[in-house]
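Asker: Structure file my_file.txt (compact mmCIF, N, CA and C atoms) right here:
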```txt
# COMPACT_ATOMS: atom_id res chain seq x y z
N MET F 109 3.32 2.93 0.04
CA MET F 109 1.97 2.96 0.52
C MET F 109 1.42 1.53 0.54
N GLN F 110 0.90 1.09 1.68
CA GLN F 110 0.41 -0.27 1.83
C GLN F 110 -1.00 -0.39 1.26
N LYS F 111 -1.23 -1.42 0.49
CA LYS F 111 -2.52 -1.67 -0.13
C LYS F 111 -3.48 -2.25 0.91
N GLN F 112 -4.72 -1.71 0.94
CA GLN F 112 -5.72 -2.24 1.86
C GLN F 112 -6.12 -3.65 1.42
N PRO F 113 -6.38 -4.53 2.39
CA PRO F 113 -6.83 -5.87 2.01
C PRO F 113 -8.23 -5.81 1.40
N LYS F 114 -8.53 -6.80 0.59
CA LYS F 114 -9.86 -6.87 -0.01
C LYS F 114 -10.90 -7.19 1.05
N VAL F 115 -12.07 -6.61 0.88
CA VAL F 115 -13.22 -6.94 1.70
C VAL F 115 -13.88 -8.14 1.02
N GLU F 116 -14.14 -9.18 1.79
CA GLU F 116 -14.75 -10.38 1.23
C GLU F 116 -16.26 -10.34 1.38
N VAL F 117 -16.95 -10.49 0.27
CA VAL F 117 -18.40 -10.56 0.25
C VAL F 117 -18.77 -11.94 -0.27
N CYS F 118 -19.50 -12.68 0.54
CA CYS F 118 -19.90 -14.04 0.17
C CYS F 118 -21.42 -14.08 0.03
N ILE F 119 -21.87 -14.52 -1.12
CA ILE F 119 -23.29 -14.62 -1.40
C ILE F 119 -23.68 -16.10 -1.36
N CYS F 120 -24.64 -16.42 -0.51
CA CYS F 120 -25.07 -17.81 -0.40
C CYS F 120 -25.72 -18.23 -1.71
N MET F 121 -25.21 -19.31 -2.28
CA MET F 121 -25.76 -19.83 -3.52
C MET F 121 -26.46 -21.17 -3.29
N GLY F 122 -26.78 -21.44 -2.01
CA GLY F 122 -27.60 -22.61 -1.72
C GLY F 122 -28.94 -22.46 -2.42
N SER F 123 -29.62 -23.57 -2.68
CA SER F 123 -30.84 -23.52 -3.50
C SER F 123 -31.91 -22.62 -2.90
N SER F 124 -32.04 -22.58 -1.58
CA SER F 124 -33.07 -21.75 -0.95
C SER F 124 -32.77 -20.26 -1.16
N CYS F 125 -31.56 -19.84 -0.85
CA CYS F 125 -31.20 -18.42 -1.02
C CYS F 125 -31.19 -18.01 -2.48
N PHE F 126 -30.73 -18.89 -3.33
CA PHE F 126 -30.69 -18.58 -4.76
C PHE F 126 -32.10 -18.38 -5.29
N SER F 127 -33.02 -19.26 -4.91
CA SER F 127 -34.39 -19.13 -5.40
C SER F 127 -35.13 -17.97 -4.74
N ARG F 128 -34.69 -17.53 -3.57
CA ARG F 128 -35.32 -16.39 -2.89
C ARG F 128 -34.77 -15.05 -3.36
N GLY F 129 -33.76 -15.07 -4.24
CA GLY F 129 -33.34 -13.81 -4.81
C GLY F 129 -31.85 -13.52 -4.87
N ASN F 130 -31.02 -14.41 -4.35
CA ASN F 130 -29.59 -14.12 -4.40
C ASN F 130 -29.04 -14.12 -5.82
N ASN F 131 -29.75 -14.71 -6.76
CA ASN F 131 -29.33 -14.59 -8.15
C ASN F 131 -29.38 -13.13 -8.60
N SER F 132 -30.43 -12.40 -8.19
CA SER F 132 -30.54 -10.96 -8.50
C SER F 132 -29.55 -10.14 -7.69
N VAL F 133 -29.34 -10.52 -6.43
CA VAL F 133 -28.38 -9.82 -5.57
C VAL F 133 -26.99 -9.88 -6.20
N LEU F 134 -26.61 -11.03 -6.71
CA LEU F 134 -25.31 -11.19 -7.33
C LEU F 134 -25.15 -10.24 -8.52
N THR F 135 -26.15 -10.16 -9.36
CA THR F 135 -26.10 -9.27 -10.53
C THR F 135 -25.97 -7.82 -10.11
N VAL F 136 -26.76 -7.40 -9.13
CA VAL F 136 -26.73 -6.02 -8.65
C VAL F 136 -25.36 -5.69 -8.06
N LEU F 137 -24.80 -6.59 -7.25
CA LEU F 137 -23.49 -6.35 -6.65
C LEU F 137 -22.39 -6.25 -7.70
N LYS F 138 -22.41 -7.15 -8.67
CA LYS F 138 -21.39 -7.10 -9.73
C LYS F 138 -21.45 -5.75 -10.46
N ASP F 139 -22.64 -5.32 -10.81
CA ASP F 139 -22.81 -4.04 -11.51
C ASP F 139 -22.33 -2.88 -10.64
N TYR F 140 -22.70 -2.88 -9.36
CA TYR F 140 -22.30 -1.80 -8.46
C TYR F 140 -20.78 -1.74 -8.32
N LEU F 141 -20.15 -2.88 -8.09
CA LEU F 141 -18.69 -2.90 -7.91
C LEU F 141 -17.98 -2.39 -9.15
N LYS F 142 -18.47 -2.78 -10.32
CA LYS F 142 -17.86 -2.32 -11.56
C LYS F 142 -18.05 -0.81 -11.74
N ASN F 143 -19.27 -0.33 -11.57
CA ASN F 143 -19.56 1.10 -11.76
C ASN F 143 -18.89 2.00 -10.73
N ALA F 144 -18.69 1.48 -9.51
CA ALA F 144 -18.06 2.26 -8.45
C ALA F 144 -16.54 2.12 -8.45
N GLY F 145 -16.00 1.30 -9.35
CA GLY F 145 -14.56 1.10 -9.40
C GLY F 145 -14.02 0.34 -8.20
N LEU F 146 -14.82 -0.57 -7.66
CA LEU F 146 -14.44 -1.30 -6.45
C LEU F 146 -14.09 -2.76 -6.70
N GLU F 147 -13.95 -3.15 -7.95
CA GLU F 147 -13.67 -4.55 -8.24
C GLU F 147 -12.37 -5.04 -7.62
N GLU F 148 -11.40 -4.16 -7.47
CA GLU F 148 -10.12 -4.55 -6.87
C GLU F 148 -10.16 -4.53 -5.35
N ALA F 149 -11.10 -3.78 -4.76
CA ALA F 149 -11.17 -3.65 -3.31
C ALA F 149 -12.07 -4.70 -2.66
N VAL F 150 -12.97 -5.28 -3.44
CA VAL F 150 -13.94 -6.22 -2.89
C VAL F 150 -13.82 -7.56 -3.61
N LYS F 151 -13.69 -8.60 -2.82
CA LYS F 151 -13.66 -9.95 -3.38
C LYS F 151 -15.07 -10.52 -3.26
N LEU F 152 -15.73 -10.63 -4.39
CA LEU F 152 -17.10 -11.13 -4.45
C LEU F 152 -17.06 -12.61 -4.80
N GLN F 153 -17.70 -13.43 -3.97
CA GLN F 153 -17.68 -14.86 -4.22
C GLN F 153 -18.99 -15.50 -3.80
N GLY F 154 -19.33 -16.58 -4.45
CA GLY F 154 -20.47 -17.38 -4.05
C GLY F 154 -20.00 -18.42 -3.05
N CYS F 155 -20.88 -18.82 -2.19
CA CYS F 155 -20.53 -19.87 -1.23
C CYS F 155 -21.72 -20.81 -1.07
N LEU F 156 -21.45 -21.95 -0.51
CA LEU F 156 -22.49 -22.92 -0.30
C LEU F 156 -23.37 -22.50 0.87
N CYS F 157 -24.34 -23.28 1.18
CA CYS F 157 -25.33 -22.98 2.20
C CYS F 157 -24.70 -22.45 3.49
N MET F 158 -25.29 -21.39 4.03
CA MET F 158 -24.83 -20.79 5.29
C MET F 158 -25.62 -21.34 6.48
N ASP F 159 -26.49 -22.33 6.25
CA ASP F 159 -27.31 -22.96 7.29
C ASP F 159 -28.27 -21.99 7.97
N MET F 160 -28.72 -20.99 7.23
CA MET F 160 -29.72 -20.04 7.74
C MET F 160 -30.82 -19.88 6.69
N CYS F 161 -31.23 -20.99 6.10
CA CYS F 161 -32.13 -20.98 4.94
C CYS F 161 -33.43 -20.23 5.20
N LYS F 162 -34.02 -20.40 6.36
CA LYS F 162 -35.31 -19.75 6.64
C LYS F 162 -35.19 -18.24 6.72
N ARG F 163 -33.98 -17.71 6.89
CA ARG F 163 -33.78 -16.26 7.00
C ARG F 163 -33.23 -15.67 5.71
N GLY F 164 -33.13 -16.47 4.67
CA GLY F 164 -32.50 -16.03 3.43
C GLY F 164 -33.35 -15.06 2.64
N PRO F 165 -32.73 -14.49 1.64
CA PRO F 165 -31.38 -14.70 1.14
C PRO F 165 -30.32 -14.14 2.08
N ASN F 166 -29.20 -14.85 2.17
CA ASN F 166 -28.12 -14.50 3.09
C ASN F 166 -26.85 -14.12 2.35
N ILE F 167 -26.14 -13.15 2.93
CA ILE F 167 -24.80 -12.80 2.47
C ILE F 167 -23.94 -12.55 3.70
N SER F 168 -22.65 -12.57 3.50
CA SER F 168 -21.74 -12.13 4.56
C SER F 168 -20.77 -11.13 3.96
N ILE F 169 -20.42 -10.16 4.77
CA ILE F 169 -19.41 -9.17 4.40
C ILE F 169 -18.38 -9.20 5.50
N GLY F 170 -17.21 -9.71 5.17
CA GLY F 170 -16.21 -9.97 6.21
C GLY F 170 -16.77 -11.04 7.13
N THR F 171 -16.82 -10.74 8.42
CA THR F 171 -17.33 -11.70 9.40
C THR F 171 -18.78 -11.41 9.78
N ASP F 172 -19.39 -10.40 9.18
CA ASP F 172 -20.78 -10.04 9.50
C ASP F 172 -21.74 -10.71 8.53
N HIS F 173 -22.82 -11.26 9.08
CA HIS F 173 -23.83 -11.94 8.28
C HIS F 173 -25.08 -11.07 8.18
N TYR F 174 -25.71 -11.09 7.02
CA TYR F 174 -26.92 -10.33 6.78
C TYR F 174 -27.95 -11.27 6.18
N ASP F 175 -29.18 -11.20 6.70
CA ASP F 175 -30.22 -12.05 6.16
C ASP F 175 -31.34 -11.20 5.56
N LYS F 176 -32.21 -11.86 4.82
CA LYS F 176 -33.33 -11.20 4.13
C LYS F 176 -32.85 -10.06 3.24
N VAL F 177 -31.69 -10.23 2.65
CA VAL F 177 -31.11 -9.24 1.75
C VAL F 177 -31.77 -9.39 0.39
N ASP F 178 -32.06 -8.28 -0.25
CA ASP F 178 -32.60 -8.35 -1.60
C ASP F 178 -31.88 -7.37 -2.51
N ALA F 179 -32.21 -7.44 -3.78
CA ALA F 179 -31.53 -6.61 -4.78
C ALA F 179 -31.73 -5.11 -4.51
N ALA F 180 -32.83 -4.74 -3.88
CA ALA F 180 -33.12 -3.33 -3.61
C ALA F 180 -32.31 -2.77 -2.44
N THR F 181 -31.85 -3.63 -1.54
CA THR F 181 -31.16 -3.14 -0.34
C THR F 181 -29.68 -3.50 -0.26
N VAL F 182 -29.23 -4.43 -1.08
CA VAL F 182 -27.88 -4.96 -0.91
C VAL F 182 -26.79 -3.90 -1.10
N VAL F 183 -26.97 -2.97 -2.01
CA VAL F 183 -25.95 -1.94 -2.23
C VAL F 183 -25.83 -1.04 -1.00
N ASP F 184 -26.96 -0.70 -0.39
CA ASP F 184 -26.90 0.11 0.84
C ASP F 184 -26.20 -0.63 1.96
N VAL F 185 -26.46 -1.93 2.08
CA VAL F 185 -25.79 -2.74 3.10
C VAL F 185 -24.29 -2.73 2.85
N LEU F 186 -23.88 -2.93 1.62
CA LEU F 186 -22.45 -2.95 1.29
C LEU F 186 -21.81 -1.58 1.52
N ARG F 187 -22.46 -0.52 1.09
CA ARG F 187 -21.92 0.83 1.30
C ARG F 187 -21.71 1.11 2.79
N HIS F 188 -22.71 0.75 3.60
CA HIS F 188 -22.61 0.97 5.04
C HIS F 188 -21.42 0.20 5.62
N ARG F 189 -21.27 -1.04 5.22
CA ARG F 189 -20.17 -1.87 5.74
C ARG F 189 -18.81 -1.35 5.27
N LEU F 190 -18.72 -0.93 4.02
CA LEU F 190 -17.46 -0.37 3.52
C LEU F 190 -17.10 0.91 4.25
N LYS F 191 -18.10 1.71 4.56
CA LYS F 191 -17.85 2.95 5.32
C LYS F 191 -17.30 2.61 6.70
N GLU F 192 -17.87 1.60 7.35
CA GLU F 192 -17.37 1.16 8.66
C GLU F 192 -15.91 0.71 8.56
N LEU F 193 -15.56 0.11 7.43
CA LEU F 193 -14.20 -0.37 7.22
C LEU F 193 -13.27 0.70 6.64
N GLN F 194 -13.83 1.92 6.51
CA GLN F 194 -13.10 3.10 6.03
C GLN F 194 -12.74 3.01 4.56
N PHE F 195 -13.58 2.34 3.79
CA PHE F 195 -13.49 2.41 2.34
C PHE F 195 -14.46 3.50 1.93
N SER F 196 -14.14 4.24 0.91
CA SER F 196 -15.01 5.31 0.45
C SER F 196 -15.40 5.06 -1.00
N PRO F 197 -16.47 4.30 -1.24
CA PRO F 197 -16.85 3.96 -2.59
C PRO F 197 -17.07 5.18 -3.49
N GLU F 198 -17.64 6.24 -2.97
CA GLU F 198 -17.92 7.40 -3.79
C GLU F 198 -16.66 8.13 -4.22
N GLU F 199 -15.55 7.91 -3.53
CA GLU F 199 -14.31 8.59 -3.88
C GLU F 199 -13.45 7.77 -4.84
N SER F 200 -13.85 6.55 -5.13
CA SER F 200 -13.06 5.68 -6.01
C SER F 200 -13.12 6.13 -7.44
```
Kindly return the structure encoded in the file as structure tokens.
Answerer:
Amino acid sequence: MQKQPKVEVCICMGSSCFSRGNNSVLTVLKDYLKNAGLEEAVKLQGCLCMDMCKRGPNISIGTDHYDKVDAATVVDVLRHRLKELQFSPEES
């Protein structure tokens, strides 16, 4: 059985996005991935400025970019994207 590749989630850690809330987004995502058993399926990483500071906080999931993400909505965004990629977080 072939292992699915990891989904890459990049959280902008530039000063603007970090101060606008990506520090909280990071905490929420780490907790969600751990509780959902998705730590092996999702590669969570911080990255430098995405050059979209005015639209921050910014994250990317795979090649898709999301702006104005906050701790209250980020899990829904990730769940939706994983579903599109045929990952089933609730079944993990």
Asker: What does the structure give for the distance between atom CA of F:Lys162 and atom CA of F:His188, in Å to one decimal?
Answerer: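 Straight-line distance from atom CA of F:Lys162 to atom CA of F:His188 works out to 24.4 Å.
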Asker: Could you give me, as JSON lines, every stretch 146-175 of chain F residue with an atom at most 7 Å from stretch 123-142 of chain F, plus its closest atom pair and distance in Å to one decimal, counting only C-alpha atoms, rows ordered by chain then number?
Answerer:
```
{"residue": "F:Leu146", "atom": "CA", "partner": "F:Leu141", "partner_atom": "CA", "distance": 4.8}
{"residue": "F:Glu147", "atom": "CA", "partner": "F:Leu141", "partner_atom": "CA", "distance": 5.3}
{"residue": "F:Cys161", "atom": "CA", "partner": "F:Ser124", "partner_atom": "CA", "distance": 6.0}
{"residue": "F:Gly164", "atom": "CA", "partner": "F:Cys125", "partner_atom": "CA", "distance": 5.2}
{"residue": "F:Pro165", "atom": "CA", "partner": "F:Cys125", "partner_atom": "CA", "distance": 4.3}
{"residue": "F:Asn166", "atom": "CA", "partner": "F:Cys125", "partner_atom": "CA", "distance": 6.5}
```
Asker: Run DSSP on the backbone and tell me which residues of chain F come out as strand (DSSP E); list them as an NGL selection string.
Answerer: :F and (115-120 or 150-155 or 167-169 or 172-174)
Asker: Write out the residues from the selection above, keeping N, CA and C atoms, as an mmCIF file, keeping the file's coordinate frame.
Answerer:
```cif
data_model
loop_
_atom_site.group_PDB
_atom_site.id
_atom_site.type_symbol
_atom_site.label_atom_id
_atom_site.label_comp_id
_atom_site.auth_asym_id
_atom_site.auth_seq_id
_atom_site.Cartn_x
_atom_site.Cartn_y
_atom_site.Cartn_z
ATOM 1 N N VAL F 115 -12.070 -6.610 0.880
ATOM 2 C CA VAL F 115 -13.220 -6.940 1.700
ATOM 3 C C VAL F 115 -13.880 -8.140 1.020
ATOM 4 N N GLU F 116 -14.140 -9.180 1.790
ATOM 5 C CA GLU F 116 -14.750 -10.380 1.230
ATOM 6 C C GLU F 116 -16.260 -10.340 1.380
ATOM 7 N N VAL F 117 -16.950 -10.490 0.270
ATOM 8 C CA VAL F 117 -18.400 -10.560 0.250
ATOM 9 C C VAL F 117 -18.770 -11.940 -0.270
ATOM 10 N N CYS F 118 -19.500 -12.680 0.540
ATOM 11 C CA CYS F 118 -19.900 -14.040 0.170
ATOM 12 C C CYS F 118 -21.420 -14.080 0.030
ATOM 13 N N ILE F 119 -21.870 -14.520 -1.120
ATOM 14 C CA ILE F 119 -23.290 -14.620 -1.400
ATOM 15 C C ILE F 119 -23.680 -16.100 -1.360
ATOM 16 N N CYS F 120 -24.640 -16.420 -0.510
ATOM 17 C CA CYS F 120 -25.070 -17.810 -0.400
ATOM 18 C C CYS F 120 -25.720 -18.230 -1.710
ATOM 19 N N VAL F 150 -12.970 -5.280 -3.440
ATOM 20 C CA VAL F 150 -13.940 -6.220 -2.890
ATOM 21 C C VAL F 150 -13.820 -7.560 -3.610
ATOM 22 N N LYS F 151 -13.690 -8.600 -2.820
ATOM 23 C CA LYS F 151 -13.660 -9.950 -3.380
ATOM 24 C C LYS F 151 -15.070 -10.520 -3.260
ATOM 25 N N LEU F 152 -15.730 -10.630 -4.390
ATOM 26 C CA LEU F 152 -17.100 -11.130 -4.450
ATOM 27 C C LEU F 152 -17.060 -12.610 -4.800
ATOM 28 N N GLN F 153 -17.700 -13.430 -3.970
ATOM 29 C CA GLN F 153 -17.680 -14.860 -4.220
ATOM 30 C C GLN F 153 -18.990 -15.500 -3.800
ATOM 31 N N GLY F 154 -19.330 -16.580 -4.450
ATOM 32 C CA GLY F 154 -20.470 -17.380 -4.050
ATOM 33 C C GLY F 154 -20.000 -18.420 -3.050
ATOM 34 N N CYS F 155 -20.880 -18.820 -2.190
ATOM 35 C CA CYS F 155 -20.530 -19.870 -1.230
ATOM 36 C C CYS F 155 -21.720 -20.810 -1.070
ATOM 37 N N ILE F 167 -26.140 -13.150 2.930
ATOM 38 C CA ILE F 167 -24.800 -12.800 2.470
ATOM 39 C C ILE F 167 -23.940 -12.550 3.700
ATOM 40 N N SER F 168 -22.650 -12.570 3.500
ATOM 41 C CA SER F 168 -21.740 -12.130 4.560
ATOM 42 C C SER F 168 -20.770 -11.130 3.960
ATOM 43 N N ILE F 169 -20.420 -10.160 4.770
ATOM 44 C CA ILE F 169 -19.410 -9.170 4.400
ATOM 45 C C ILE F 169 -18.380 -9.200 5.500
ATOM 46 N N ASP F 172 -19.390 -10.400 9.180
ATOM 47 C CA ASP F 172 -20.780 -10.040 9.500
ATOM 48 C C ASP F 172 -21.740 -10.710 8.530
ATOM 49 N N HIS F 173 -22.820 -11.260 9.080
ATOM 50 C CA HIS F 173 -23.830 -11.940 8.280
ATOM 51 C C HIS F 173 -25.080 -11.070 8.180
ATOM 52 N N TYR F 174 -25.710 -11.090 7.020
ATOM 53 C CA TYR F 174 -26.920 -10.330 6.780
ATOM 54 C C TYR F 174 -27.950 -11.270 6.180
#
```
Asker: I need the residues of chain F that end up classed as helix (DSSP H, G or I) by DSSP on the backbone, written out as a PyMOL selection string.
Answerer: chain F and resi 123-143+161-163+182-192+197-199
Asker: List the spatial neighbours of F:Gly170 as a list in words - criterion: any atom at most 8 Å away, only N, CA and C atoms, same-chain residues fewer than 5 positions off excluded.
Answerer: Lys114, Val115, Glu116, Val117 and Cys118 of chain F
Asker: Edge lengths and centre in Å to one decimal, as JSON, of the axis-aligned box that encloses all listed atoms of stretch 183-194 of chain F with 3 Å added on every side?
Answerer:
```
{"center_x": -19.9, "center_y": 0.1, "center_z": 3.2, "size_x": 20.2, "size_y": 12.1, "size_z": 16.9}
```
